[in-house]
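One structure is given below, encoded as structure tokens.
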Number of protein chains: 2
Amino acid sequence: MGKQLEKSPLAPAEFPEMRGVPGVSLATASLGLKDDGRENLLVVSLQGGTTVAGTLTKSKTRSAPVDWCRKHLPLGEARGLIVNAGNANAFTGAAGNEAVEKCVEAVADQLACRPSRIFAASTGVIGEALPYEVIVGALPQAFTRMAESGPPSWQKAAGAIRTTDTFSKGASTTAQIGGTQVTISGIAKGSGMIAPDMATMLSFVFTDAKIPADVLSELTRAGVEKSYNAITVDSDTSTSDTVLVFATGAADGQIEVSGADDPALEDFAAKLDALMLDLAQQVVRDGEGASKFISVTVTGAEDRAAARTIALSIANSPLVKTAIAGEDANWGRIIMAIGKSGEAADRDKVAIRIGGIDVALRGLAVPGYDETPVAEHLKGQNVDIEADVGVGDGEATVWTCDLTHGYISINADYRS
Amino acid sequence: MGKQLEKSPLAPAEFPEMRGVPGVSLATASLGLKDDGRENLLVVSLQGGTTVAGTLTKSKTRSAPVDWCRKHLPLGEARGLIVNAGNANAFTGAAGNEAVEKCVEAVADQLACRPSRIFAASTGVIGEALPYEVIVGALPQAFTRMAESGPPSWQKAAGAIRTTDTFSKGASTTAQIGGTQVTISGIAKGSGMIAPDMATMLSFVFTDAKIPADVLSELTRAGVEKSYNAITVDSDTSTSDTVLVFATGAADGQIEVSGADDPALEDFAAKLDALMLDLAQQVVRDGEGASKFISVTVTGAEDRAAARTIALSIANSPLVKTAIAGEDANWGRIIMAIGKSGEAADRDKVAIRIGGIDVALRGLAVPGYDETPVAEHLKGQNVDIEADVGVGDGEATVWTCDLTHGYISINADYRS
């Protein structure tokens with residue numbers, strides 16, 4: 001936060017063009033808690049009738065705002081969102097709960113709604129009291145400046161929720177539901193303390209589609225499983241991981257959908273999945289110290305869950321991640337990571353491809369294996385690892401980054 | 001291996017004084033596979049009647065020598081041991097099994113015993129064929145030089161099994177069994193690819209006690225659980241982890257023991273446990289890039305297994321390990337690691353001590369918390385973390401090291 005970090009070499013060239021979402025208004029503000037004067041507060045106003053779904057960290061030491069969301073998500077209704085960066089309001093006891101309440105009550109006052117319709121998230125240092133008076137004090141001005149969401153405010157919103165992120169993360173798309181075009185726009189933050197088991201970071205997605213809360217919840221869970229829960233930077237799960245999806249229903253002429261499996265939702269679900277995957281992959285691209293974006297696909301496992309466990313075992317292995325950082329085609333470490341996963345694998349049928357090139361087949365190095373094309377692939381920014389473990393039909397893909405000196409530099413002296 | 005690594009700052013001042021073990025003869029040789037001419041072959045001759053017990057890696061992609069030991073450990077009889085460094089003979093298919101057979105047959109020829117009495121281990125690069133002809137060719141000379149074990153040969157034996165180890169690891173002690181003094185001497189290797197689930201490295205322990213194989217097996221399993229299975233460097237489990245304990249029975253005047261719970265074995269079991277813990281901790285002290293030796297004790301967990309899971313979650317967290325490398329009293333990361341373990345913890349009762357100093361109590365930072373003495377503790381080489389999770393009586397201690405630039409340097413370009 002205070003420290004200037006160089007932009008990740010894996011960052012997209014620029015923040016994407018974002019579409020406004022009818023029914024969603026954004027505002028940002030600086031809490032003035034740091035010298036740099038950076039904006040670190042985001043408030044969102046959502047029109048009446050907005051539904052909400054989400055997934056939250058499974059951590060046993062979750063933050064106070066996660067507890068708040070957990071309590072109110074079942075209602076499925078939202079009117080507002082408040083997010084601050086710099087202080088996670090985690091491990092702050094009863095005072096932490098009180099701080100969330102003060103914040104959401106102040107937002108509810110501004111929006112003239114019940115506090116239970118306001119969602120909250122905090123990210124930053126753990127164990128320090130959240131200075132809620134400062135946040136509450138900053139709200140009136142923020143609401144004054146609030147405007148209908150448009151391209152500039154999305155970028156500011158994505159910027160206001162950053163901590164050690166080196167770039168702002170956003171994605172925007174459109175989808176068809178029964179002949180009506182709807183918009184989906186989302187932002188995310190996260191770069192360290194990223195691992196599956198829920199959601200690995202903060203991400204907020206907004207759409208003007210009209211979707212009942214229970215249907216939205218089903219679509220969200222399915223999307224999270226294939227995106228935020230399929231990325232890992234360092235296997236560490238945060239106390240604060242939160243993904244919230246809001247549907248304002250503001251798009252004109254919409255049909256009523258019957259359920260998550262309604263054929264009318266097919267395109268929307270696919271686009272939502274793709275947008276979540278885009279955001280999740282942006283988080284990996286901002287992995288602390290990352291120099292390579294790594295995709296790990298495991299096939300031939302007992303089932304999908306086993307394939308995912310093996311893929312994460314490879315993706316989280318410090319030895320695999322350092323080998324890739326060193327552009328070393330050390331596939332022995334991939335074998336090691338398959339072995340330690342605990343899932344069934346037939347050692348004598350295992351096959352490994354790096355960059356689409358066979359390096360091992362039927363449990364042996366490929367005869368006459370030439371390392372040159374593999375070494376060439378590893379010099380690039382995108383590294384593809386495929387492993388077939390030879391026991392079944394289960395497959396899964398996860399994404400991660402390499403483990404470099406940059407990760408150590410960022411984490412050995414930055415208090416996050 | 002080829003690369004010169006600086007000796008770990010956590011290494012003991014010198015290799016310990018080792019006691020010879022009657023019934024055990026050692027020899028080492030250079031296989032000449034590397035330019036450096038370093039000795040990298042160890043052969044051990046054990047007198048007739050020697051019993052053996054061991055624990056092996058649980059990896060699903062285990063090496064050919066691990067398969068060999070797994071097959072022959074149930075017999076409980078040993079006459080010899082052959083260990084090479086530089087090539088793990090892992091992921092080498094049927095050729096790997098054949099290579100082990102050729103090696104153990106050659107040793108069995110020298111010792112005029114059945115091959116099933118010869119145990120084997122290999123450590124080093126995965127996926128390359130073991131040049132067994134070279135090993136077999138080196139054996140006659142090695143056996144010629146074989147002498148009764150004494151102080152110099154233990155150090156050479158410990159040296160011959162090293163890979164990225166920066167110092168040789170040994171420990172030696174005596175114990176009383178029913179009025180007879182017996183000796184226990186052991187060696188170990190390992191510095192990276194270290195994590196529990198069996199044994200995390202190679203370690204060979206020898207005693208002249210007379211102990212039936214089933215009793216030895218029980219004592220070994222108990223000792224491994226509290227030592228080799230309670231250390232972690234980087235959470236990566238090797239394909240080759242092997243701990244073997246040999247009992248020659250050569251000490252004069254021994255009683256027959258009735259079982260592992262025979263009171264006559266109390267001292268021996270305690271000394272064996274302590275020796276294994278000493279060796280295991282030496283492995284942590286040689287953790288790749290380690291600058292701090294970290295002990296993590298968890299209390300108040302549901303049971304011992306839960307306490308161990310939480311302790312390992314803390315000990316394996318890259319964020320905790322980098323914070324300690326940076327001498328940063330960032331206890332929020334400890335909270336995070338407790339939370340992600342998946343085991344029960346009462347967030348509002350969690351207490352954390354660093355270096356014996358309370359930093360958090362009842363789920364909150366200690367009022368008026370002064371970081372100065374904690375920061376002072378973190379400047380030392382030994383760091384103690386204690387966490388009480390407030391739900392039960394389970395406790396466990398594990399040992400690890402910090403995560404530094406040295407780990408990245410060693411692993412990003414060294415093919416191990």
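Letters for chains follow the order of the structure tokens (A, B, ...), residue numbers begin at 1 for each chain, and ligand numbers begin at 1 in the order shown.
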
What are the nearest atom pairs, with distances in Å to one decimal, for all residues of chain B that come at most 6 Å from chain A, using only C-alpha atoms, set out by chain and rising residue number as JSON lines?
{"residue": "B:Ser59", "atom": "CA", "partner": "A:Gly339", "partner_atom": "CA", "distance": 4.4}
{"residue": "B:Lys60", "atom": "CA", "partner": "A:Gly339", "partner_atom": "CA", "distance": 4.1}
{"residue": "B:Thr61", "atom": "CA", "partner": "A:Gly339", "partner_atom": "CA", "distance": 4.4}
{"residue": "B:Thr92", "atom": "CA", "partner": "A:Leu364", "partner_atom": "CA", "distance": 5.7}
{"residue": "B:Ile126", "atom": "CA", "partner": "A:Gly332", "partner_atom": "CA", "distance": 4.8}
{"residue": "B:Gly127", "atom": "CA", "partner": "A:Gly332", "partner_atom": "CA", "distance": 5.9}
{"residue": "B:Thr237", "atom": "CA", "partner": "A:Lys340", "partner_atom": "CA", "distance": 5.6}
{"residue": "B:Thr239", "atom": "CA", "partner": "A:Met336", "partner_atom": "CA", "distance": 5.8}
{"residue": "B:Thr322", "atom": "CA", "partner": "A:Ala412", "partner_atom": "CA", "distance": 4.5}
{"residue": "B:Ala323", "atom": "CA", "partner": "A:Ala412", "partner_atom": "CA", "distance": 4.7}
{"residue": "B:Ala325", "atom": "CA", "partner": "A:Ala412", "partner_atom": "CA", "distance": 5.8}
{"residue": "B:Gly326", "atom": "CA", "partner": "A:Ala412", "partner_atom": "CA", "distance": 4.1}
{"residue": "B:Gly332", "atom": "CA", "partner": "A:Ile126", "partner_atom": "CA", "distance": 4.9}
{"residue": "B:Met336", "atom": "CA", "partner": "A:Thr239", "partner_atom": "CA", "distance": 5.9}
{"residue": "B:Gly339", "atom": "CA", "partner": "A:Lys60", "partner_atom": "CA", "distance": 4.2}
{"residue": "B:Lys340", "atom": "CA", "partner": "A:Ser59", "partner_atom": "CA", "distance": 4.8}
{"residue": "B:Arg347", "atom": "CA", "partner": "A:Thr61", "partner_atom": "CA", "distance": 5.4}
{"residue": "B:Leu364", "atom": "CA", "partner": "A:Thr92", "partner_atom": "CA", "distance": 5.7}
{"residue": "B:His405", "atom": "CA", "partner": "A:His405", "partner_atom": "CA", "distance": 5.7}
{"residue": "B:Asn411", "atom": "CA", "partner": "A:Thr322", "partner_atom": "CA", "distance": 5.6}
{"residue": "B:Ala412", "atom": "CA", "partner": "A:Gly326", "partner_atom": "CA", "distance": 4.1}
{"residue": "B:Asp413", "atom": "CA", "partner": "A:Gly326", "partner_atom": "CA", "distance": 5.0}

Practice problem: Enumerate, as a list of chain:residue names, the complete set of residues in segment 66-102 of chain A that a backbone-based DSSP assignment places in strand (DSSP E or B). | Solution: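 Written out, the strand (DSSP E or B) residues of segment 66-102 of chain A are A:Glu77, A:Gly80, A:Leu81, A:Ile82, A:Val83, A:Asn84, A:Ala85, A:Gly86, A:Asn87.
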
Taking C-alpha atoms for each residue, export the selection above as a compact mmCIF listing (two decimals), in the first residue's frame.
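Result written to again05.txt:
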# COMPACT_ATOMS: atom_id res chain seq x y z
CA GLU A 77 -31.81 -8.58 -1.37
CA GLY A 80 -25.79 -1.14 -1.26
CA LEU A 81 -22.19 -2.21 -0.84
CA ILE A 82 -19.32 -0.69 1.10
CA VAL A 83 -15.72 -1.81 0.69
CA ASN A 84 -12.56 -0.43 2.25
CA ALA A 85 -8.93 -1.30 1.57
CA GLY A 86 -6.08 -1.03 4.07
CA ASN A 87 -7.70 -2.69 7.07

Self-check item: Between atom CA of Val44 of chain B and atom CA of Val136 of chain B - distance in Å to one decimal
Solution: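 These atoms are spaced 14.4 Å apart.
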
Quiz item: Pick from B:Val283, B:Ala11, B:Val100, B:Ala53: nearest to Ala222 of chain B, with only C-alpha atoms counted?
Solution: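 The shortest atom-to-atom distance to Ala222 of chain B comes from B:Ala53.
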
Self-check item: Near-segment 170-180 of chain B list (7 Å; only C-alpha atoms; drop same-chain fewer than 4 positions) as a list of chain:residue names
Solution: B:Phe15, B:Pro16, B:Met18, B:Arg19, B:Ala158, B:Ile184, B:Ser185, B:Gly186, B:Ile187, B:Ala188, B:Gly253, B:Gln254, B:Ile255, B:Ala264, B:Leu265, B:Asp267, B:Phe268, B:Lys271, B:Leu275, B:Asp278, B:Leu279

Quiz item: Using only C-alpha atoms, which of B:Ile294, B:Leu31, B:Ala250, B:Val398 sits nearest Ser227 of chain B?
Solution: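 Ranking B:Ile294, B:Leu31, B:Ala250, B:Val398 by distance to Ser227 of chain B, first place goes to B:Val398.
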
Quiz item: Within 9 Å of Arg308 of chain B, counting only C-alpha atoms, which residues qualify if same-chain residues fewer than 2 places away don't, as a list of chain:residue names?
Solution: B:Ala230, B:Thr297, B:Val298, B:Ala301, B:Asp303, B:Arg304, B:Ala305, B:Ala306, B:Ile310, B:Ala311, B:Leu312, B:Ser313, B:Gly394, B:Glu395, B:Ala396, B:Thr397, B:Val398

Write a file of the selected residues as a PDB file, in the first residue's frame, keeping N, CA and C atoms.
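What ended up in out39.pdb:
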ATOM      1  N   ALA B 230       7.028 -34.554  11.687  1.00  0.00           N
ATOM      2  CA  ALA B 230       6.653 -33.287  12.315  1.00  0.00           C
ATOM      3  C   ALA B 230       7.547 -32.158  11.831  1.00  0.00           C
ATOM      4  N   THR B 297       4.024 -24.567  18.008  1.00  0.00           N
ATOM      5  CA  THR B 297       3.259 -25.395  18.934  1.00  0.00           C
ATOM      6  C   THR B 297       1.808 -24.931  18.945  1.00  0.00           C
ATOM      7  N   VAL B 298       0.913 -25.869  18.698  1.00  0.00           N
ATOM      8  CA  VAL B 298      -0.508 -25.542  18.750  1.00  0.00           C
ATOM      9  C   VAL B 298      -1.133 -26.280  19.926  1.00  0.00           C
ATOM     10  N   ALA B 301      -6.522 -27.526  20.547  1.00  0.00           N
ATOM     11  CA  ALA B 301      -7.239 -28.030  19.369  1.00  0.00           C
ATOM     12  C   ALA B 301      -8.139 -29.201  19.775  1.00  0.00           C
ATOM     13  N   ASP B 303      -8.140 -32.311  18.894  1.00  0.00           N
ATOM     14  CA  ASP B 303      -7.336 -33.471  19.298  1.00  0.00           C
ATOM     15  C   ASP B 303      -5.938 -33.296  18.727  1.00  0.00           C
ATOM     16  N   ARG B 304      -5.097 -34.310  18.943  1.00  0.00           N
ATOM     17  CA  ARG B 304      -3.712 -34.182  18.514  1.00  0.00           C
ATOM     18  C   ARG B 304      -3.606 -34.021  16.988  1.00  0.00           C
ATOM     19  N   ALA B 305      -4.412 -34.774  16.263  1.00  0.00           N
ATOM     20  CA  ALA B 305      -4.351 -34.703  14.798  1.00  0.00           C
ATOM     21  C   ALA B 305      -4.746 -33.308  14.315  1.00  0.00           C
ATOM     22  N   ALA B 306      -5.784 -32.732  14.933  1.00  0.00           N
ATOM     23  CA  ALA B 306      -6.208 -31.385  14.540  1.00  0.00           C
ATOM     24  C   ALA B 306      -5.113 -30.374  14.862  1.00  0.00           C
ATOM     25  N   ILE B 310      -3.220 -27.909  12.140  1.00  0.00           N
ATOM     26  CA  ILE B 310      -3.134 -26.448  12.278  1.00  0.00           C
ATOM     27  C   ILE B 310      -1.669 -26.010  12.323  1.00  0.00           C
ATOM     28  N   ALA B 311      -0.856 -26.752  13.085  1.00  0.00           N
ATOM     29  CA  ALA B 311       0.565 -26.398  13.195  1.00  0.00           C
ATOM     30  C   ALA B 311       1.242 -26.455  11.825  1.00  0.00           C
ATOM     31  N   LEU B 312       0.899 -27.481  11.031  1.00  0.00           N
ATOM     32  CA  LEU B 312       1.480 -27.593   9.689  1.00  0.00           C
ATOM     33  C   LEU B 312       0.955 -26.509   8.759  1.00  0.00           C
ATOM     34  N   SER B 313      -0.303 -26.110   8.960  1.00  0.00           N
ATOM     35  CA  SER B 313      -0.859 -25.027   8.149  1.00  0.00           C
ATOM     36  C   SER B 313      -0.065 -23.741   8.391  1.00  0.00           C
ATOM     37  N   GLY B 394      -6.163 -30.868  22.445  1.00  0.00           N
ATOM     38  CA  GLY B 394      -5.171 -31.403  21.513  1.00  0.00           C
ATOM     39  C   GLY B 394      -3.982 -30.480  21.352  1.00  0.00           C
ATOM     40  N   GLU B 395      -2.781 -31.067  21.373  1.00  0.00           N
ATOM     41  CA  GLU B 395      -1.614 -30.245  21.108  1.00  0.00           C
ATOM     42  C   GLU B 395      -0.584 -30.982  20.277  1.00  0.00           C
ATOM     43  N   ALA B 396       0.228 -30.213  19.565  1.00  0.00           N
ATOM     44  CA  ALA B 396       1.275 -30.790  18.716  1.00  0.00           C
ATOM     45  C   ALA B 396       2.305 -29.715  18.419  1.00  0.00           C
ATOM     46  N   THR B 397       3.528 -30.175  18.173  1.00  0.00           N
ATOM     47  CA  THR B 397       4.598 -29.251  17.787  1.00  0.00           C
ATOM     48  C   THR B 397       5.198 -29.716  16.470  1.00  0.00           C
ATOM     49  N   VAL B 398       5.445 -28.789  15.589  1.00  0.00           N
ATOM     50  CA  VAL B 398       6.159 -29.103  14.349  1.00  0.00           C
ATOM     51  C   VAL B 398       7.278 -28.075  14.171  1.00  0.00           C
TER      52      VAL B 398
END

Exercise. As a PyMOL selection string, list the residues of segment 33-271 of chain B assigned to alpha helix (DSSP H) by DSSP on the backbone atoms of this structure.
Key: chain B and resi 64-72+93-111+132-145+151-160+213-226+266-271

Quiz item: Separation of atom CA of Arg38 of chain B and atom CA of Thr164 of chain B, in Å?
Solution: 12.8 Å

Exercise. Find the residues near Lys71 of chain B: any atom within 12 Å, counting only C-alpha atoms, skip ones fewer than 2 places away on the same chain, and give them as a PyMOL selection string.
Key: chain B and resi 54+56+64-69+73-76+97+115-120

Exercise. Name all residues at most 9 Å from segment 244-246 of chain B (count only C-alpha atoms; drop same-chain ones fewer than 3 positions away) and give them as a list in words.
Key: Leu46, Thr50, Thr51, Val52, Ala53, Gly54, Thr55, Leu56, Glu77, Ala78, Phe119, Gly186, Leu202, Ser203, Phe204, Val205, Phe206, Thr207, Asp208, Leu216, Ser217 and Thr220 of chain B

Quiz item: If you measure from atom CA of Asp241 of chain B to atom CA of Ile211 of chain B, what distance in Å do you get, rounded to one decimal?
Solution: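 If I compute the distance from atom CA of Asp241 of chain B to atom CA of Ile211 of chain B, I get 23.8 Å.
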
Exercise. Considering only C-alpha atoms, return as a list in words whatever protein or nucleic-acid residues lie within 6 Å of Thr400 of chain B, sequence-local ones (same chain, fewer than 2 positions apart) excluded.
Key: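 Once the adjacent positions are removed, what remains is Ile231, Thr232, Val233, Val284, Ile294 and Ala315 of chain B.
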